[in-house]
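Asks: Input file: upload19.cif. Contents: mmCIF, C-alpha atoms and all ligand atoms.
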```cif
data_model
#
loop_
_atom_site.group_PDB
_atom_site.id
_atom_site.type_symbol
_atom_site.label_atom_id
_atom_site.label_comp_id
_atom_site.auth_asym_id
_atom_site.auth_seq_id
_atom_site.Cartn_x
_atom_site.Cartn_y
_atom_site.Cartn_z
ATOM 1 C CA MET A 1 -12.781 37.477 -5.196
ATOM 2 C CA GLU A 2 -12.929 34.613 -2.659
ATOM 3 C CA GLU A 3 -10.602 31.728 -3.513
ATOM 4 C CA THR A 4 -12.491 28.490 -4.100
ATOM 5 C CA LYS A 5 -10.644 25.333 -3.110
ATOM 6 C CA SER A 6 -11.358 22.298 -5.205
ATOM 7 C CA MET A 7 -11.447 18.991 -3.383
ATOM 8 C CA LEU A 8 -9.125 16.144 -4.263
ATOM 9 C CA LEU A 9 -11.037 13.411 -6.003
ATOM 10 C CA ILE A 10 -10.488 9.833 -7.134
ATOM 11 C CA GLY A 11 -8.306 9.890 -10.257
ATOM 12 C CA ASP A 12 -6.428 13.074 -9.268
ATOM 13 C CA LYS A 13 -2.656 13.022 -9.003
ATOM 14 C CA LEU A 14 -1.470 13.368 -5.386
ATOM 15 C CA PRO A 15 -0.199 16.970 -5.076
ATOM 16 C CA GLU A 16 3.579 17.248 -4.966
ATOM 17 C CA MET A 17 4.950 18.415 -1.618
ATOM 18 C CA GLU A 18 7.783 17.954 0.825
ATOM 19 C CA VAL A 19 6.681 16.732 4.246
ATOM 20 C CA GLN A 20 8.364 16.333 7.628
ATOM 21 C CA THR A 21 7.896 12.830 9.050
ATOM 22 C CA THR A 22 9.117 10.730 11.949
ATOM 23 C CA HIS A 23 11.398 9.033 9.381
ATOM 24 C CA GLY A 24 12.794 12.316 8.023
ATOM 25 C CA LYS A 25 11.772 14.480 5.093
ATOM 26 C CA LYS A 26 9.786 12.823 2.300
ATOM 27 C CA VAL A 27 8.637 14.103 -1.057
ATOM 28 C CA LEU A 28 5.091 13.197 -2.074
ATOM 29 C CA PRO A 29 4.347 11.345 -4.249
ATOM 30 C CA LYS A 30 7.900 10.964 -5.641
ATOM 31 C CA ASP A 31 9.376 8.969 -2.749
ATOM 32 C CA TYR A 32 6.563 6.406 -2.966
ATOM 33 C CA LEU A 33 6.315 5.912 -6.743
ATOM 34 C CA GLY A 34 6.434 2.235 -7.691
ATOM 35 C CA LYS A 35 4.516 1.271 -4.523
ATOM 36 C CA TRP A 36 0.962 1.633 -3.349
ATOM 37 C CA LEU A 37 0.668 4.217 -0.596
ATOM 38 C CA VAL A 38 -1.938 4.188 2.160
ATOM 39 C CA LEU A 39 -1.878 7.759 3.468
ATOM 40 C CA PHE A 40 -4.103 8.177 6.492
ATOM 41 C CA SER A 41 -4.814 10.994 8.908
ATOM 42 C CA HIS A 42 -5.890 10.759 12.545
ATOM 43 C CA PRO A 43 -7.316 13.538 14.736
ATOM 44 C CA ALA A 44 -4.536 13.700 17.308
ATOM 45 C CA ASP A 45 -1.710 11.865 19.039
ATOM 46 C CA PHE A 46 -2.315 10.479 22.556
ATOM 47 C CA THR A 47 -6.000 9.780 21.977
ATOM 48 C CA PRO A 48 -7.539 6.349 22.576
ATOM 49 C CA VAL A 49 -9.289 5.556 19.268
ATOM 50 C CA CYS A 50 -6.248 6.758 17.293
ATOM 51 C CA THR A 51 -4.022 4.578 19.464
ATOM 52 C CA THR A 52 -6.152 1.510 18.701
ATOM 53 C CA GLU A 53 -5.925 2.342 14.997
ATOM 54 C CA PHE A 54 -2.144 2.713 15.105
ATOM 55 C CA VAL A 55 -1.839 -0.653 16.820
ATOM 56 C CA CYS A 56 -4.027 -2.222 14.107
ATOM 57 C CA PHE A 57 -2.094 -0.572 11.276
ATOM 58 C CA ALA A 58 1.161 -1.780 12.855
ATOM 59 C CA LYS A 59 -0.119 -5.329 13.365
ATOM 60 C CA ASN A 60 -1.184 -5.424 9.697
ATOM 61 C CA TYR A 61 2.019 -3.843 8.404
ATOM 62 C CA GLU A 62 3.277 -7.118 6.905
ATOM 63 C CA ASN A 63 -0.081 -7.642 5.158
ATOM 64 C CA PHE A 64 0.268 -4.193 3.561
ATOM 65 C CA LYS A 65 3.874 -4.993 2.595
ATOM 66 C CA LYS A 66 2.746 -8.219 0.895
ATOM 67 C CA LEU A 67 0.550 -6.015 -1.318
ATOM 68 C CA ASN A 68 3.522 -3.751 -2.153
ATOM 69 C CA ALA A 69 1.996 -0.977 -0.045
ATOM 70 C CA GLU A 70 3.581 1.495 2.373
ATOM 71 C CA LEU A 71 1.731 3.195 5.218
ATOM 72 C CA LEU A 72 2.080 6.890 6.036
ATOM 73 C CA GLY A 73 0.215 8.550 8.923
ATOM 74 C CA LEU A 74 -0.534 12.249 9.371
ATOM 75 C CA SER A 75 -1.910 14.562 12.015
ATOM 76 C CA ILE A 76 -1.660 18.205 12.992
ATOM 77 C CA ASP A 77 0.919 17.550 15.663
ATOM 78 C CA GLN A 78 4.606 18.314 16.000
ATOM 79 C CA VAL A 79 7.171 15.662 15.258
ATOM 80 C CA PHE A 80 8.238 15.435 18.917
ATOM 81 C CA SER A 81 4.641 14.592 19.859
ATOM 82 C CA HIS A 82 4.565 11.786 17.258
ATOM 83 C CA ILE A 83 7.899 10.499 18.563
ATOM 84 C CA LYS A 84 6.699 10.508 22.200
ATOM 85 C CA TRP A 85 3.400 8.823 21.271
ATOM 86 C CA VAL A 86 5.119 6.108 19.221
ATOM 87 C CA GLU A 87 7.538 5.542 22.133
ATOM 88 C CA TRP A 88 4.577 5.281 24.512
ATOM 89 C CA ILE A 89 2.835 2.721 22.279
ATOM 90 C CA GLU A 90 6.029 0.684 22.051
ATOM 91 C CA LYS A 91 6.723 0.811 25.779
ATOM 92 C CA GLU A 92 3.205 0.408 27.176
ATOM 93 C CA LEU A 93 1.464 -1.667 24.496
ATOM 94 C CA LYS A 94 4.535 -3.542 23.202
ATOM 95 C CA VAL A 95 3.724 -2.692 19.594
ATOM 96 C CA GLU A 96 6.345 -1.204 17.317
ATOM 97 C CA ILE A 97 5.117 1.415 14.835
ATOM 98 C CA PRO A 98 7.112 0.643 11.693
ATOM 99 C CA PHE A 99 5.766 3.350 9.392
ATOM 100 C CA ALA A 100 6.401 7.106 9.155
ATOM 101 C CA ILE A 101 3.987 9.789 10.400
ATOM 102 C CA ILE A 102 3.767 13.252 8.855
ATOM 103 C CA ALA A 103 4.119 16.079 11.389
ATOM 104 C CA ASP A 104 1.804 18.658 9.867
ATOM 105 C CA ASP A 105 2.210 21.351 12.585
ATOM 106 C CA MET A 106 0.493 24.063 10.564
ATOM 107 C CA GLY A 107 -2.162 21.852 8.978
ATOM 108 C CA LYS A 108 -1.058 22.846 5.485
ATOM 109 C CA VAL A 109 -0.609 19.307 4.181
ATOM 110 C CA ALA A 110 -3.941 18.200 5.637
ATOM 111 C CA ALA A 111 -5.684 21.213 4.103
ATOM 112 C CA LYS A 112 -4.219 20.435 0.675
ATOM 113 C CA LEU A 113 -5.329 16.814 0.951
ATOM 114 C CA GLY A 114 -8.869 17.595 2.144
ATOM 115 C CA MET A 115 -8.336 16.006 5.562
ATOM 116 C CA ILE A 116 -9.761 18.902 7.596
ATOM 117 C CA HIS A 117 -13.530 19.268 7.444
ATOM 118 C CA PRO A 118 -14.614 22.592 8.990
ATOM 119 C CA GLY A 119 -17.918 21.142 10.186
ATOM 120 C CA ALA A 120 -15.975 18.519 12.143
ATOM 121 C CA GLY A 121 -13.606 20.879 13.952
ATOM 122 C CA THR A 122 -10.035 22.005 13.392
ATOM 123 C CA LYS A 123 -8.295 18.634 13.617
ATOM 124 C CA THR A 124 -7.929 16.140 10.797
ATOM 125 C CA VAL A 125 -10.780 13.705 10.278
ATOM 126 C CA ARG A 126 -9.950 10.023 9.889
ATOM 127 C CA ALA A 127 -9.146 10.053 6.181
ATOM 128 C CA VAL A 128 -7.612 7.290 4.092
ATOM 129 C CA LEU A 129 -6.174 7.905 0.639
ATOM 130 C CA ILE A 130 -4.955 4.959 -1.406
ATOM 131 C CA ILE A 131 -2.466 6.140 -4.004
ATOM 132 C CA ASP A 132 -1.314 3.874 -6.808
ATOM 133 C CA PRO A 133 2.300 3.309 -7.909
ATOM 134 C CA GLU A 134 1.976 6.125 -10.484
ATOM 135 C CA GLY A 135 0.875 8.623 -7.820
ATOM 136 C CA PHE A 136 -2.851 8.712 -8.634
ATOM 137 C CA ILE A 137 -5.526 8.723 -5.919
ATOM 138 C CA ARG A 138 -7.600 5.555 -6.235
ATOM 139 C CA LEU A 139 -9.667 5.612 -3.043
ATOM 140 C CA ILE A 140 -10.774 8.244 -0.547
ATOM 141 C CA LEU A 141 -12.432 7.245 2.735
ATOM 142 C CA TYR A 142 -13.590 9.560 5.499
ATOM 143 C CA TYR A 143 -14.501 8.391 8.981
ATOM 144 C CA PRO A 144 -15.608 10.597 11.859
ATOM 145 C CA ALA A 145 -13.446 11.043 14.962
ATOM 146 C CA GLU A 146 -15.704 8.764 16.996
ATOM 147 C CA VAL A 147 -15.314 5.632 14.824
ATOM 148 C CA GLY A 148 -12.043 3.783 14.314
ATOM 149 C CA ARG A 149 -11.279 2.347 10.887
ATOM 150 C CA ASN A 150 -11.422 -1.265 9.792
ATOM 151 C CA MET A 151 -8.046 -2.602 8.614
ATOM 152 C CA ALA A 152 -9.606 -5.581 6.847
ATOM 153 C CA GLU A 153 -11.607 -3.209 4.644
ATOM 154 C CA ILE A 154 -8.567 -1.101 3.752
ATOM 155 C CA LEU A 155 -6.625 -4.263 2.830
ATOM 156 C CA ARG A 156 -9.646 -5.587 0.913
ATOM 157 C CA VAL A 157 -9.926 -2.453 -1.240
ATOM 158 C CA LEU A 158 -6.185 -2.386 -1.844
ATOM 159 C CA GLU A 159 -6.186 -5.985 -3.077
ATOM 160 C CA ALA A 160 -9.388 -5.416 -5.072
ATOM 161 C CA LEU A 161 -7.861 -2.395 -6.849
ATOM 162 C CA GLN A 162 -4.777 -4.415 -7.726
ATOM 163 C CA ILE A 163 -6.809 -7.313 -9.162
ATOM 164 C CA SER A 164 -9.046 -4.853 -10.983
ATOM 165 C CA ASP A 165 -5.979 -3.231 -12.592
ATOM 166 C CA SER A 166 -4.287 -6.468 -13.558
ATOM 167 C CA HIS A 167 -7.403 -8.263 -14.902
ATOM 168 C CA ASN A 168 -9.623 -5.368 -16.045
ATOM 169 C CA VAL A 169 -12.493 -6.534 -13.857
ATOM 170 C CA ALA A 170 -14.668 -5.074 -11.092
ATOM 171 C CA MET A 171 -15.305 -6.457 -7.633
ATOM 172 C CA PRO A 172 -18.783 -7.185 -6.288
ATOM 173 C CA ALA A 173 -20.120 -6.103 -2.904
ATOM 174 C CA ASN A 174 -18.399 -7.835 -0.003
ATOM 175 C CA TRP A 175 -15.822 -9.380 -2.363
ATOM 176 C CA PRO A 176 -14.427 -12.019 -1.913
ATOM 177 C CA ASN A 177 -17.538 -13.202 -0.067
ATOM 178 C CA ASN A 178 -20.277 -11.922 -2.330
ATOM 179 C CA GLU A 179 -23.772 -13.282 -1.762
ATOM 180 C CA LEU A 180 -24.390 -13.953 -5.493
ATOM 181 C CA ILE A 181 -21.034 -14.874 -7.028
ATOM 182 C CA GLY A 182 -18.742 -15.662 -4.095
ATOM 183 C CA ASN A 183 -15.134 -14.741 -4.921
ATOM 184 C CA ARG A 184 -15.762 -14.389 -8.671
ATOM 185 C CA VAL A 185 -15.301 -10.995 -10.327
ATOM 186 C CA ILE A 186 -17.409 -8.917 -12.687
ATOM 187 C CA ILE A 187 -16.651 -8.323 -16.366
ATOM 188 C CA PRO A 188 -16.998 -4.621 -17.311
ATOM 189 C CA PRO A 189 -20.177 -3.861 -19.295
ATOM 190 C CA PRO A 190 -20.018 -4.350 -23.077
ATOM 191 C CA SER A 191 -19.774 -1.204 -25.172
ATOM 192 C CA ASN A 192 -21.595 -2.412 -28.295
ATOM 193 C CA ILE A 193 -24.406 -4.768 -29.381
ATOM 194 C CA LYS A 194 -22.048 -7.369 -30.843
ATOM 195 C CA ASP A 195 -20.105 -7.686 -27.571
ATOM 196 C CA ALA A 196 -23.348 -7.789 -25.598
ATOM 197 C CA LYS A 197 -24.505 -10.786 -27.692
ATOM 198 C CA GLU A 198 -21.137 -12.549 -27.303
ATOM 199 C CA ARG A 199 -20.949 -12.140 -23.533
ATOM 200 C CA PRO A 200 -23.200 -15.029 -22.458
ATOM 201 C CA LYS A 201 -21.273 -17.359 -24.776
ATOM 202 C CA GLN A 202 -17.938 -16.379 -23.181
ATOM 203 C CA TYR A 203 -18.804 -16.080 -19.506
ATOM 204 C CA GLU A 204 -21.257 -17.139 -16.854
ATOM 205 C CA CYS A 205 -23.951 -14.430 -16.844
ATOM 206 C CA PHE A 206 -27.217 -13.539 -15.141
ATOM 207 C CA ASP A 207 -27.800 -11.430 -18.255
ATOM 208 C CA TRP A 208 -25.520 -9.902 -20.925
ATOM 209 C CA TRP A 209 -24.795 -6.879 -18.700
ATOM 210 C CA PHE A 210 -24.031 -8.964 -15.613
ATOM 211 C CA CYS A 211 -21.313 -11.502 -16.373
ATOM 212 C CA HIS A 212 -18.684 -12.866 -14.033
ATOM 213 C CA LYS A 213 -15.634 -15.083 -13.971
ATOM 214 C CA LYS A 214 -13.002 -16.586 -11.706
ATOM 215 C CA VAL A 215 -9.580 -14.965 -11.400
HETATM 216 C C1 LIG A 301 -9.683 9.283 19.831
HETATM 217 O O1 LIG A 301 -8.818 8.953 19.033
HETATM 218 O O2 LIG A 301 -9.907 8.655 20.847
HETATM 219 C C2 LIG A 301 -10.513 10.497 19.534
HETATM 220 C C3 LIG A 301 -9.937 11.553 18.849
HETATM 221 C C4 LIG A 301 -10.703 12.679 18.597
HETATM 222 C C5 LIG A 301 -12.018 12.736 19.033
HETATM 223 C C6 LIG A 301 -12.575 11.652 19.692
HETATM 224 C C7 LIG A 301 -11.811 10.512 19.938
#
```
Output the file's structure in the form of structure tokens.

Replies:
Amino acid sequence: MEETKSMLLIGDKLPEMEVQTTHGKKVLPKDYLGKWLVLFSHPADFTPVCTTEFVCFAKNYENFKKLNAELLGLSIDQVFSHIKWVEWIEKELKVEIPFAIIADDMGKVAAKLGMIHPGAGTKTVRAVLIIDPEGFIRLILYYPAEVGRNMAEILRVLEALQISDSHNVAMPANWPNNELIGNRVIIPPPSNIKDAKERPKQYECFDWWFCHKKV
């Protein structure tokens, strides 16, 4: 019978595996527990859009650090290719790449993580997984090869997830610049009639199911 592969989804634990990186061997998710991990794939080394992304990730490295997050790249390239590319970026563009990159020569890690999409070729798509400090996948983003990612959005979601966890709230569209409630956050819906009636007395609300507050 044909083996069916199930896709990794939000809420799944990151599969355990040992990976070869430019900073040596790492064990996922074990070596990153206690931190947020932004694990992202790019189609290939020595390609222009990927180079612009690496420069942006590097320039935002301190912003990720401030959010207790580590970056980890991945592509189906050998480690010597990653090393040469990082050297090239440092020499020619004067940008140091401070994070590790997985050398997934055989594409096995990418396949396990759902980063190869057969309809989009044999290379990794531009995937971003945000993994929480307990090793659970909290966000999955896929971009096509022809569009570079937006660092501000990745940082925004990371911060939003952290505030959501610590305050048990949800973030509106375009948070923290939402058109209706600005930087305020949304209270999760009530689960019974009594709570629904109490809501407008406790919070600012458009209705009992749409209440918000400042954090
Ligand atoms: C790039 O990074 O420039 C790129 C990679 C794969 C396909 C198209 C563009």

Asks: For the structure provided, state which residues fall under the PyMOL selection byres (((chain A and resi 43) around 10) and not hetatm), and present them as a PDB file with C-alpha atoms, in the coordinates of the input.

Replies:
```
ATOM      1  CA  SER A  41      -4.814  10.994   8.908  1.00  0.00           C
ATOM      2  CA  HIS A  42      -5.890  10.759  12.545  1.00  0.00           C
ATOM      3  CA  ALA A  44      -4.536  13.700  17.308  1.00  0.00           C
ATOM      4  CA  ASP A  45      -1.710  11.865  19.039  1.00  0.00           C
ATOM      5  CA  PHE A  46      -2.315  10.479  22.556  1.00  0.00           C
ATOM      6  CA  THR A  47      -6.000   9.780  21.977  1.00  0.00           C
ATOM      7  CA  VAL A  49      -9.289   5.556  19.268  1.00  0.00           C
ATOM      8  CA  CYS A  50      -6.248   6.758  17.293  1.00  0.00           C
ATOM      9  CA  LEU A  74      -0.534  12.249   9.371  1.00  0.00           C
ATOM     10  CA  SER A  75      -1.910  14.562  12.015  1.00  0.00           C
ATOM     11  CA  ILE A  76      -1.660  18.205  12.992  1.00  0.00           C
ATOM     12  CA  ASP A  77       0.919  17.550  15.663  1.00  0.00           C
ATOM     13  CA  MET A 115      -8.336  16.006   5.562  1.00  0.00           C
ATOM     14  CA  ILE A 116      -9.761  18.902   7.596  1.00  0.00           C
ATOM     15  CA  GLY A 121     -13.606  20.879  13.952  1.00  0.00           C
ATOM     16  CA  THR A 122     -10.035  22.005  13.392  1.00  0.00           C
ATOM     17  CA  LYS A 123      -8.295  18.634  13.617  1.00  0.00           C
ATOM     18  CA  THR A 124      -7.929  16.140  10.797  1.00  0.00           C
ATOM     19  CA  VAL A 125     -10.780  13.705  10.278  1.00  0.00           C
ATOM     20  CA  ARG A 126      -9.950  10.023   9.889  1.00  0.00           C
ATOM     21  CA  ALA A 127      -9.146  10.053   6.181  1.00  0.00           C
ATOM     22  CA  PRO A 144     -15.608  10.597  11.859  1.00  0.00           C
ATOM     23  CA  ALA A 145     -13.446  11.043  14.962  1.00  0.00           C
ATOM     24  CA  GLU A 146     -15.704   8.764  16.996  1.00  0.00           C
TER      25      GLU A 146
END
```

Asks: Just to confirm, what's the straight-line distance from atom CA of Ala120 of chain A to atom CA of Leu39 of chain A in Å (one decimal)?

Replies: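 Taking atom CA of Ala120 of chain A as the start and atom CA of Leu39 of chain A as the end point, the length is 19.7 Å.
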
Asks: If the PyMOL selection byres (((chain A and resi 21) around 8) and not hetatm) is run on the structure shown, which residues does it catch, given as a VMD selection string?

Replies: chain A and resid 19 to 20 22 to 26 79 100 to 103

Asks: When you draw a straight line from atom CA of Pro172 of chain A to atom CA of Ile187 of chain A, how long is it in Å?

Replies: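 It comes out at 10.4 Å.
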
Asks: Specify as a list in words each residue included when the PyMOL selection byres (((chain A and resi 199) around 10) and not hetatm) is applied to this file.

Replies: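 Taken over the shown coordinates, the PyMOL selection byres (((chain A and resi 199) around 10) and not hetatm) returns Ile187, Pro189, Pro190, Lys194, Asp195, Ala196, Lys197, Glu198, Pro200, Lys201, Gln202, Tyr203, Glu204, Cys205, Asp207, Trp208, Trp209, Phe210, Cys211 and His212 of chain A.
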
Asks: In terms of the shortest atom-to-atom distance over only C-alpha atoms, which of A:Arg138, A:Lys30, A:Lys59, A:Lys66 is closest to Leu8 of chain A?

Replies: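 Checking each of A:Arg138, A:Lys30, A:Lys59, A:Lys66 against Leu8 of chain A, counting only C-alpha atoms, the winner is A:Arg138.
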
Asks: Calculated over all atoms listed in the file, which of the candidates A:His82, A:Arg156, A:Lys213, A:Arg149 has the smallest distance to ligand LIG 301 (chain A)?

Replies: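 Of the candidates, the smallest distance to ligand LIG 301 (chain A) is held by A:Arg149.
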
Asks: With all atoms listed in the file as the basis for distance, which of A:Trp88, A:Phe136, A:Trp175, A:Tyr143 is at the shortest distance from ligand LIG 301 (chain A)?

Replies: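 For ligand LIG 301 (chain A), the nearest of the given residues is A:Tyr143.
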
Asks: Return segment 25-54 of chain A, completed with N, CA and C atoms, as an mmCIF file, in the frame of the given file.

Replies:
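Final output, saved to part37.cif:
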```cif
data_model
loop_
_atom_site.group_PDB
_atom_site.id
_atom_site.type_symbol
_atom_site.label_atom_id
_atom_site.label_comp_id
_atom_site.auth_asym_id
_atom_site.auth_seq_id
_atom_site.Cartn_x
_atom_site.Cartn_y
_atom_site.Cartn_z
ATOM 1 N N LYS A 25 12.538 13.786 6.146
ATOM 2 C CA LYS A 25 11.772 14.480 5.093
ATOM 3 C C LYS A 25 11.430 13.506 3.975
ATOM 4 N N LYS A 26 10.222 13.651 3.434
ATOM 5 C CA LYS A 26 9.786 12.823 2.300
ATOM 6 C C LYS A 26 9.185 13.754 1.260
ATOM 7 N N VAL A 27 9.274 13.336 0.013
ATOM 8 C CA VAL A 27 8.637 14.103 -1.057
ATOM 9 C C VAL A 27 7.483 13.273 -1.605
ATOM 10 N N LEU A 28 6.298 13.876 -1.552
ATOM 11 C CA LEU A 28 5.091 13.197 -2.074
ATOM 12 C C LEU A 28 4.849 13.653 -3.503
ATOM 13 N N PRO A 29 4.407 12.801 -4.385
ATOM 14 C CA PRO A 29 4.347 11.345 -4.249
ATOM 15 C C PRO A 29 5.658 10.665 -4.629
ATOM 16 N N LYS A 30 6.663 11.484 -5.026
ATOM 17 C CA LYS A 30 7.900 10.964 -5.641
ATOM 18 C C LYS A 30 8.536 9.807 -4.855
ATOM 19 N N ASP A 31 8.658 9.980 -3.533
ATOM 20 C CA ASP A 31 9.376 8.969 -2.749
ATOM 21 C C ASP A 31 8.612 7.645 -2.644
ATOM 22 N N TYR A 32 7.365 7.630 -3.094
ATOM 23 C CA TYR A 32 6.563 6.406 -2.966
ATOM 24 C C TYR A 32 6.190 5.821 -4.327
ATOM 25 N N LEU A 33 6.675 6.425 -5.413
ATOM 26 C CA LEU A 33 6.315 5.912 -6.743
ATOM 27 C C LEU A 33 6.835 4.477 -6.881
ATOM 28 N N GLY A 34 6.052 3.646 -7.549
ATOM 29 C CA GLY A 34 6.434 2.235 -7.691
ATOM 30 C C GLY A 34 5.817 1.358 -6.610
ATOM 31 N N LYS A 35 5.208 2.003 -5.598
ATOM 32 C CA LYS A 35 4.516 1.271 -4.523
ATOM 33 C C LYS A 35 3.118 1.832 -4.387
ATOM 34 N N TRP A 36 2.252 1.077 -3.772
ATOM 35 C CA TRP A 36 0.962 1.633 -3.349
ATOM 36 C C TRP A 36 1.210 2.348 -2.022
ATOM 37 N N LEU A 37 0.510 3.451 -1.835
ATOM 38 C CA LEU A 37 0.668 4.217 -0.596
ATOM 39 C C LEU A 37 -0.691 4.360 0.086
ATOM 40 N N VAL A 38 -0.735 3.961 1.354
ATOM 41 C CA VAL A 38 -1.938 4.188 2.160
ATOM 42 C C VAL A 38 -1.618 5.363 3.075
ATOM 43 N N LEU A 39 -2.154 6.522 2.722
ATOM 44 C CA LEU A 39 -1.878 7.759 3.468
ATOM 45 C C LEU A 39 -3.109 8.057 4.318
ATOM 46 N N PHE A 40 -2.927 8.035 5.632
ATOM 47 C CA PHE A 40 -4.103 8.177 6.492
ATOM 48 C C PHE A 40 -3.868 9.243 7.560
ATOM 49 N N SER A 41 -4.910 9.975 7.861
ATOM 50 C CA SER A 41 -4.814 10.994 8.908
ATOM 51 C C SER A 41 -5.586 10.533 10.136
ATOM 52 N N HIS A 42 -5.159 11.031 11.292
ATOM 53 C CA HIS A 42 -5.890 10.759 12.545
ATOM 54 C C HIS A 42 -6.057 12.093 13.269
ATOM 55 N N PRO A 43 -7.066 12.236 14.113
ATOM 56 C CA PRO A 43 -7.316 13.538 14.736
ATOM 57 C C PRO A 43 -6.164 14.055 15.604
ATOM 58 N N ALA A 44 -5.585 13.198 16.424
ATOM 59 C CA ALA A 44 -4.536 13.700 17.308
ATOM 60 C C ALA A 44 -3.768 12.553 17.957
ATOM 61 N N ASP A 45 -2.518 12.825 18.280
ATOM 62 C CA ASP A 45 -1.710 11.865 19.039
ATOM 63 C C ASP A 45 -2.277 11.744 20.468
ATOM 64 N N PHE A 46 -1.915 10.700 21.147
ATOM 65 C CA PHE A 46 -2.315 10.479 22.556
ATOM 66 C C PHE A 46 -3.829 10.531 22.746
ATOM 67 N N THR A 47 -4.541 9.909 21.825
ATOM 68 C CA THR A 47 -6.000 9.780 21.977
ATOM 69 C C THR A 47 -6.328 8.293 21.809
ATOM 70 N N PRO A 48 -7.349 7.806 22.524
ATOM 71 C CA PRO A 48 -7.539 6.349 22.576
ATOM 72 C C PRO A 48 -7.904 5.676 21.249
ATOM 73 N N VAL A 49 -8.883 6.233 20.517
ATOM 74 C CA VAL A 49 -9.289 5.556 19.268
ATOM 75 C C VAL A 49 -8.112 5.539 18.288
ATOM 76 N N CYS A 50 -7.410 6.679 18.193
ATOM 77 C CA CYS A 50 -6.248 6.758 17.293
ATOM 78 C C CYS A 50 -5.186 5.740 17.699
ATOM 79 N N THR A 51 -5.014 5.551 18.995
ATOM 80 C CA THR A 51 -4.022 4.578 19.464
ATOM 81 C C THR A 51 -4.424 3.166 19.021
ATOM 82 N N THR A 52 -5.723 2.853 19.136
ATOM 83 C CA THR A 52 -6.152 1.510 18.701
ATOM 84 C C THR A 52 -5.927 1.354 17.196
ATOM 85 N N GLU A 53 -6.142 2.423 16.451
ATOM 86 C CA GLU A 53 -5.925 2.342 14.997
ATOM 87 C C GLU A 53 -4.445 2.129 14.673
ATOM 88 N N PHE A 54 -3.585 2.864 15.381
ATOM 89 C CA PHE A 54 -2.144 2.713 15.105
ATOM 90 C C PHE A 54 -1.678 1.289 15.410
#
```
